[in-house]
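All remarks here apply to the structure that follows.
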Amino acid sequence: MSNPDQPKVIVTRWWWVRHAPVRSDGGNIYGQADIECDTGDTEVFEAVAKMLPRRAVWYSSHLKRTHQTAAAIWAAGFPKPDSMTQEPAFAEQHLGAWQGMNRATFLASRPAGSTWFADVNEPAPGGESYMDMYTRVCRAIVRINTAEAGRDVIAVGHGGVIKCAVGLALGGQPDRGLAFDIDNVSVTRLDHVAGPGLSTWRLPMVNQQPWIADPRHAAMHQQAGPEVRPATKLA
């Protein structure tokens, strides 16, 4: 029997999906460049379409690779929603003069073991810092938590943006979000729990890849920044 005097708790469930792989970058850093993605691996999108909630509100960044990814999920069997809100605050970090630079050459110039393009407080020349992105992403999440309270929110975004969301869910610690890999088309579920005097997060899953058992889809991993990955030893 429910207690009518018990404070009401509202759970808003975020389903973050990173965009599909980019193949046309020429090995260069693209940041906020409006570049297309490859949505040809239909089995990956079919797997994601099966796990996302049907009665959800959709958001994306304003960059077309998130729109193409959403369209591929709908084409794979998910009922197309009536609308999808484009949220500019969910764009990838603006990497300024670094955009267009060769990724491997740039990373070789950075300190060993870097987990992002620069220190979180270092802005890209003519662009923004990771903390700039973190601040705008978090503000949008807080705003949407109020506007869509109690709903399922599917947000198609970018690797850096999803790392920001994870850092927020881990108690507002941006550096901790950078510790996670976020693969292309992976699903990250973050639940916001609100009530009188209560605002906290649960992390049911991060970087979930329902297709992962099949090695044919290994190309879904692309770096969302200069992630450190262990070297593979050959027999």
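Residues are named by chain letter and number: chains run A, B, ... in the order of the structure tokens, numbers start at 1 in each chain, and ligands are numbered from 1 in the order shown.
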Sorted by chain and rising residue number, which residues of segment 53-153 of chain A lie within 12 Å of segment 169-177 of chain A, and what are their closest atom pairs and distances in Å to one decimal, counting only C-alpha atoms, as JSON lines?
```
{"residue": "A:Ser114", "atom": "CA", "partner": "A:Asp175", "partner_atom": "CA", "distance": 11.4}
{"residue": "A:Thr115", "atom": "CA", "partner": "A:Asp175", "partner_atom": "CA", "distance": 9.1}
{"residue": "A:Trp116", "atom": "CA", "partner": "A:Asp175", "partner_atom": "CA", "distance": 9.7}
{"residue": "A:Ala118", "atom": "CA", "partner": "A:Asp175", "partner_atom": "CA", "distance": 11.7}
{"residue": "A:Asp119", "atom": "CA", "partner": "A:Asp175", "partner_atom": "CA", "distance": 9.5}
{"residue": "A:Val120", "atom": "CA", "partner": "A:Asp175", "partner_atom": "CA", "distance": 7.6}
{"residue": "A:Asn121", "atom": "CA", "partner": "A:Pro174", "partner_atom": "CA", "distance": 10.6}
{"residue": "A:Ser129", "atom": "CA", "partner": "A:Pro174", "partner_atom": "CA", "distance": 11.9}
{"residue": "A:Tyr130", "atom": "CA", "partner": "A:Pro174", "partner_atom": "CA", "distance": 8.6}
{"residue": "A:Met131", "atom": "CA", "partner": "A:Pro174", "partner_atom": "CA", "distance": 7.6}
{"residue": "A:Asp132", "atom": "CA", "partner": "A:Pro174", "partner_atom": "CA", "distance": 10.9}
{"residue": "A:Met133", "atom": "CA", "partner": "A:Pro174", "partner_atom": "CA", "distance": 10.2}
{"residue": "A:Tyr134", "atom": "CA", "partner": "A:Pro174", "partner_atom": "CA", "distance": 7.1}
{"residue": "A:Thr135", "atom": "CA", "partner": "A:Pro174", "partner_atom": "CA", "distance": 9.6}
{"residue": "A:Val137", "atom": "CA", "partner": "A:Pro174", "partner_atom": "CA", "distance": 11.2}
{"residue": "A:Cys138", "atom": "CA", "partner": "A:Gly172", "partner_atom": "CA", "distance": 9.0}
{"residue": "A:Arg139", "atom": "CA", "partner": "A:Gly172", "partner_atom": "CA", "distance": 11.8}
{"residue": "A:Ile141", "atom": "CA", "partner": "A:Ala169", "partner_atom": "CA", "distance": 10.6}
{"residue": "A:Val142", "atom": "CA", "partner": "A:Ala169", "partner_atom": "CA", "distance": 11.3}
```
Selected residues written out with N, CA, C and O atoms, as a compact mmCIF listing (two decimals), in the first residue's frame:
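The resulting file, part.txt, is reproduced below:
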```
# COMPACT_ATOMS: atom_id res chain seq x y z
N SER A 114 47.29 11.37 -22.54
CA SER A 114 46.17 12.32 -22.55
C SER A 114 44.87 11.59 -22.84
O SER A 114 44.82 10.70 -23.69
N THR A 115 43.82 11.97 -22.14
CA THR A 115 42.50 11.36 -22.37
C THR A 115 41.58 12.29 -23.14
O THR A 115 40.42 11.94 -23.39
N TRP A 116 42.07 13.48 -23.48
CA TRP A 116 41.31 14.39 -24.33
C TRP A 116 42.29 15.22 -25.12
O TRP A 116 43.51 15.03 -25.02
N ALA A 118 43.16 18.25 -24.85
CA ALA A 118 43.92 19.18 -24.03
C ALA A 118 43.43 19.07 -22.59
O ALA A 118 42.44 18.38 -22.32
N ASP A 119 44.11 19.75 -21.68
CA ASP A 119 43.61 19.86 -20.32
C ASP A 119 42.19 20.43 -20.37
O ASP A 119 41.86 21.24 -21.25
N VAL A 120 41.34 20.02 -19.44
CA VAL A 120 39.93 20.41 -19.50
C VAL A 120 39.72 21.91 -19.51
O VAL A 120 38.72 22.41 -20.02
N ASN A 121 40.68 22.67 -18.96
CA ASN A 121 40.54 24.12 -18.90
C ASN A 121 41.26 24.85 -20.03
O ASN A 121 41.22 26.09 -20.08
N SER A 129 37.14 25.28 -24.59
CA SER A 129 37.75 24.23 -23.77
C SER A 129 36.73 23.13 -23.50
O SER A 129 35.53 23.29 -23.73
N TYR A 130 37.24 22.01 -22.97
CA TYR A 130 36.33 20.94 -22.57
C TYR A 130 35.36 21.45 -21.51
O TYR A 130 34.17 21.11 -21.53
N MET A 131 35.86 22.29 -20.58
CA MET A 131 34.97 22.82 -19.53
C MET A 131 33.91 23.74 -20.10
O MET A 131 32.79 23.79 -19.58
N ASP A 132 34.23 24.46 -21.18
CA ASP A 132 33.20 25.27 -21.85
C ASP A 132 32.08 24.36 -22.35
O ASP A 132 30.90 24.67 -22.19
N MET A 133 32.48 23.25 -23.00
CA MET A 133 31.48 22.30 -23.49
C MET A 133 30.71 21.68 -22.33
O MET A 133 29.47 21.59 -22.38
N TYR A 134 31.42 21.27 -21.29
CA TYR A 134 30.77 20.64 -20.14
C TYR A 134 29.71 21.57 -19.54
O TYR A 134 28.59 21.15 -19.23
N THR A 135 30.03 22.85 -19.43
CA THR A 135 29.10 23.81 -18.84
C THR A 135 27.84 23.95 -19.69
O THR A 135 26.72 23.93 -19.17
N VAL A 137 26.63 21.82 -21.95
CA VAL A 137 25.89 20.56 -21.97
C VAL A 137 25.09 20.38 -20.68
O VAL A 137 23.91 20.04 -20.71
N CYS A 138 25.73 20.64 -19.55
CA CYS A 138 25.06 20.45 -18.27
C CYS A 138 23.88 21.40 -18.10
O CYS A 138 22.83 21.02 -17.57
N ARG A 139 24.05 22.64 -18.54
CA ARG A 139 22.94 23.58 -18.45
C ARG A 139 21.74 23.11 -19.26
O ARG A 139 20.59 23.21 -18.82
N ILE A 141 21.04 19.96 -20.04
CA ILE A 141 20.48 18.78 -19.37
C ILE A 141 19.57 19.19 -18.22
O ILE A 141 18.46 18.67 -18.06
N VAL A 142 20.03 20.14 -17.42
CA VAL A 142 19.21 20.62 -16.29
C VAL A 142 17.90 21.21 -16.81
O VAL A 142 16.82 20.95 -16.26
```
Taking only residues of segment 126-205 of chain A that have an atom at most 6 Å from an atom of segment 44-60 of chain A, what is each one's shortest atom pair and its distance in Å to one decimal, using only C-alpha atoms, in chain and number order, as JSON lines?
```
{"residue": "A:Asp152", "atom": "CA", "partner": "A:Ala56", "partner_atom": "CA", "distance": 4.7}
{"residue": "A:Val153", "atom": "CA", "partner": "A:Val57", "partner_atom": "CA", "distance": 5.1}
{"residue": "A:Ile154", "atom": "CA", "partner": "A:Trp58", "partner_atom": "CA", "distance": 4.9}
{"residue": "A:Ala155", "atom": "CA", "partner": "A:Tyr59", "partner_atom": "CA", "distance": 4.6}
{"residue": "A:Val156", "atom": "CA", "partner": "A:Ser60", "partner_atom": "CA", "distance": 4.6}
{"residue": "A:Gly157", "atom": "CA", "partner": "A:Ser60", "partner_atom": "CA", "distance": 5.8}
```
Same residues, all heavy atoms, output as a CSV table (one decimal), in the first residue's frame:
```csv
chain,number,residue,atom,x,y,z
A,152,ASP,N,11.1,9.5,-20.8
A,152,ASP,CA,12.3,8.9,-21.5
A,152,ASP,C,12.8,9.9,-22.5
A,152,ASP,O,12.0,10.4,-23.4
A,152,ASP,CB,12.0,7.6,-22.2
A,152,ASP,CG,11.8,6.5,-21.2
A,152,ASP,OD1,12.8,6.1,-20.5
A,152,ASP,OD2,10.6,6.0,-21.0
A,153,VAL,N,14.1,10.3,-22.4
A,153,VAL,CA,14.7,11.2,-23.3
A,153,VAL,C,15.7,10.5,-24.1
A,153,VAL,O,16.7,10.0,-23.6
A,153,VAL,CB,15.3,12.4,-22.6
A,153,VAL,CG1,16.0,13.4,-23.6
A,153,VAL,CG2,14.2,13.2,-21.8
A,154,ILE,N,15.6,10.4,-25.5
A,154,ILE,CA,16.6,9.8,-26.3
A,154,ILE,C,17.4,11.0,-26.9
A,154,ILE,O,16.8,11.9,-27.6
A,154,ILE,CB,16.0,9.0,-27.4
A,154,ILE,CG1,15.2,7.8,-26.8
A,154,ILE,CG2,17.1,8.5,-28.4
A,154,ILE,CD1,14.4,6.9,-27.8
A,155,ALA,N,18.6,11.1,-26.7
A,155,ALA,CA,19.5,12.2,-27.1
A,155,ALA,C,20.6,11.6,-28.0
A,155,ALA,O,21.5,10.9,-27.5
A,155,ALA,CB,20.1,12.9,-25.9
A,156,VAL,N,20.6,12.0,-29.3
A,156,VAL,CA,21.6,11.5,-30.2
A,156,VAL,C,22.7,12.6,-30.2
A,156,VAL,O,22.5,13.7,-30.6
A,156,VAL,CB,21.1,11.3,-31.6
A,156,VAL,CG1,22.1,10.6,-32.5
A,156,VAL,CG2,19.8,10.4,-31.5
A,157,GLY,N,23.9,12.2,-29.8
A,157,GLY,CA,24.9,13.2,-29.6
A,157,GLY,C,26.3,12.8,-30.0
A,157,GLY,O,26.5,11.9,-30.9
```
Give the helix (DSSP H, G or I) residues of segment 27-226 of chain A, as DSSP finds them on the backbone, and put them as an MDAnalysis selection string.
chainID A and resid 42:51 64:75 88:90 96:98 103:108 130:147 159:169 174:177 215:220
Please tabulate, as a tab-separated table, the residues of segment 97-171 of chain A that come within 9 Å of segment 190-197 of chain A, each with its closest pair of atoms and the distance in Å to one decimal, counting only C-alpha atoms and ordering rows by chain, then residue number upward.
```
residue	atom	partner	partner_atom	distance
A:Asn145	CA	A:His192	CA	7.6
A:Ala149	CA	A:Ala194	CA	8.8
A:Gly150	CA	A:His192	CA	8.9
A:Ala165	CA	A:Leu190	CA	8.1
A:Val166	CA	A:Leu190	CA	7.6
A:Ala169	CA	A:Leu190	CA	7.1
```
Using only C-alpha atoms, which of A:Gly126, A:Gly77, A:Gly31, A:Gly100 sits nearest Val161 of chain A?
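The answer is A:Gly31, which sits nearest to Val161 of chain A.
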Run DSSP on the backbone and tell me which residues of segment 18-114 of chain A come out as strand (DSSP E); list them as a list in words.
Arg18, Ala56, Val57, Trp58, Tyr59, Ser60, Met84, Thr85 and Gln86 of chain A
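Atom CA of Gln208 of chain A lies 10.5 Å from atom CA of Trp15 of chain A.
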Nearest residue to Ala70 of chain A out of A:Ala20, A:Ala89, A:Ile182, A:Ala97, using only C-alpha atoms?
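Answer, going by the shortest atom-to-atom distance: A:Ala20.
Near segment 26-29 of chain A, within 8 Å and counting only C-alpha atoms, sit Trp98, Gln99, Gly100, Met101, Asn102, Arg103 and Ala104 of chain A, not including residues fewer than 6 positions from it in the same chain.
Shortest atom-to-atom contact with His19 of chain A among A:Val187, A:Met205, A:Ala33, A:Ile212: A:Val187, counting only C-alpha atoms.
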Just want the 8 Å neighbourhood of Gln68 of chain A, counted on only C-alpha atoms, with same-chain residues fewer than 3 positions away dropped. Output as a list of chain:residue names.
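The neighbour list is A:Glu36, A:Cys37, A:Thr39, A:Lys64, A:Arg65, A:Ala71, A:Ala72.
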Write the residues you've just listed into a file as an mmCIF file, in the first residue's frame, and include N, CA, C and O atoms for each of them.
```cif
data_model
loop_
_atom_site.group_PDB
_atom_site.id
_atom_site.type_symbol
_atom_site.label_atom_id
_atom_site.label_comp_id
_atom_site.auth_asym_id
_atom_site.auth_seq_id
_atom_site.Cartn_x
_atom_site.Cartn_y
_atom_site.Cartn_z
ATOM 1 N N GLU A 36 29.522 14.213 -42.518
ATOM 2 C CA GLU A 36 28.579 13.094 -42.575
ATOM 3 C C GLU A 36 29.129 11.858 -41.868
ATOM 4 O O GLU A 36 30.338 11.723 -41.639
ATOM 5 N N CYS A 37 28.217 10.933 -41.550
ATOM 6 C CA CYS A 37 28.618 9.672 -40.926
ATOM 7 C C CYS A 37 28.152 8.505 -41.788
ATOM 8 O O CYS A 37 27.375 8.666 -42.731
ATOM 9 N N THR A 39 26.105 5.174 -42.026
ATOM 10 C CA THR A 39 25.009 4.440 -41.382
ATOM 11 C C THR A 39 24.717 3.125 -42.113
ATOM 12 O O THR A 39 23.599 2.624 -42.075
ATOM 13 N N LYS A 64 24.617 17.329 -38.644
ATOM 14 C CA LYS A 64 23.875 16.355 -39.436
ATOM 15 C C LYS A 64 24.234 14.909 -39.136
ATOM 16 O O LYS A 64 23.409 14.014 -39.360
ATOM 17 N N ARG A 65 25.405 14.640 -38.581
ATOM 18 C CA ARG A 65 25.724 13.237 -38.294
ATOM 19 C C ARG A 65 24.813 12.659 -37.210
ATOM 20 O O ARG A 65 24.560 11.457 -37.186
ATOM 21 N N ALA A 71 17.912 8.928 -38.087
ATOM 22 C CA ALA A 71 17.146 8.425 -39.234
ATOM 23 C C ALA A 71 17.437 6.949 -39.483
ATOM 24 O O ALA A 71 16.538 6.184 -39.865
ATOM 25 N N ALA A 72 18.680 6.524 -39.270
ATOM 26 C CA ALA A 72 19.035 5.119 -39.463
ATOM 27 C C ALA A 72 18.366 4.226 -38.414
ATOM 28 O O ALA A 72 17.974 3.091 -38.705
#
```
Determine the nearest neighbour of Thr188 of chain A from the options A:Ala147, A:Ile162, A:Leu107, A:Leu168, counting only C-alpha atoms.
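Using only C-alpha atoms, the shortest distance to Thr188 of chain A belongs to A:Ile162.
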Separation of atom CA of Leu198 of chain A from atom CA of Gln86 of chain A in Å
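So the answer is 28.9 Å.
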Looking at only C-alpha atoms, which of A:His94, A:Lys8, A:Arg189, A:Arg18 is the one that sits closest to Ala124 of chain A?
A:His94
With only C-alpha atoms as the basis for distance, which of A:Leu203, A:Thr66, A:Trp74, A:Gly96 is at the shortest distance from Gly127 of chain A?
A:Gly96
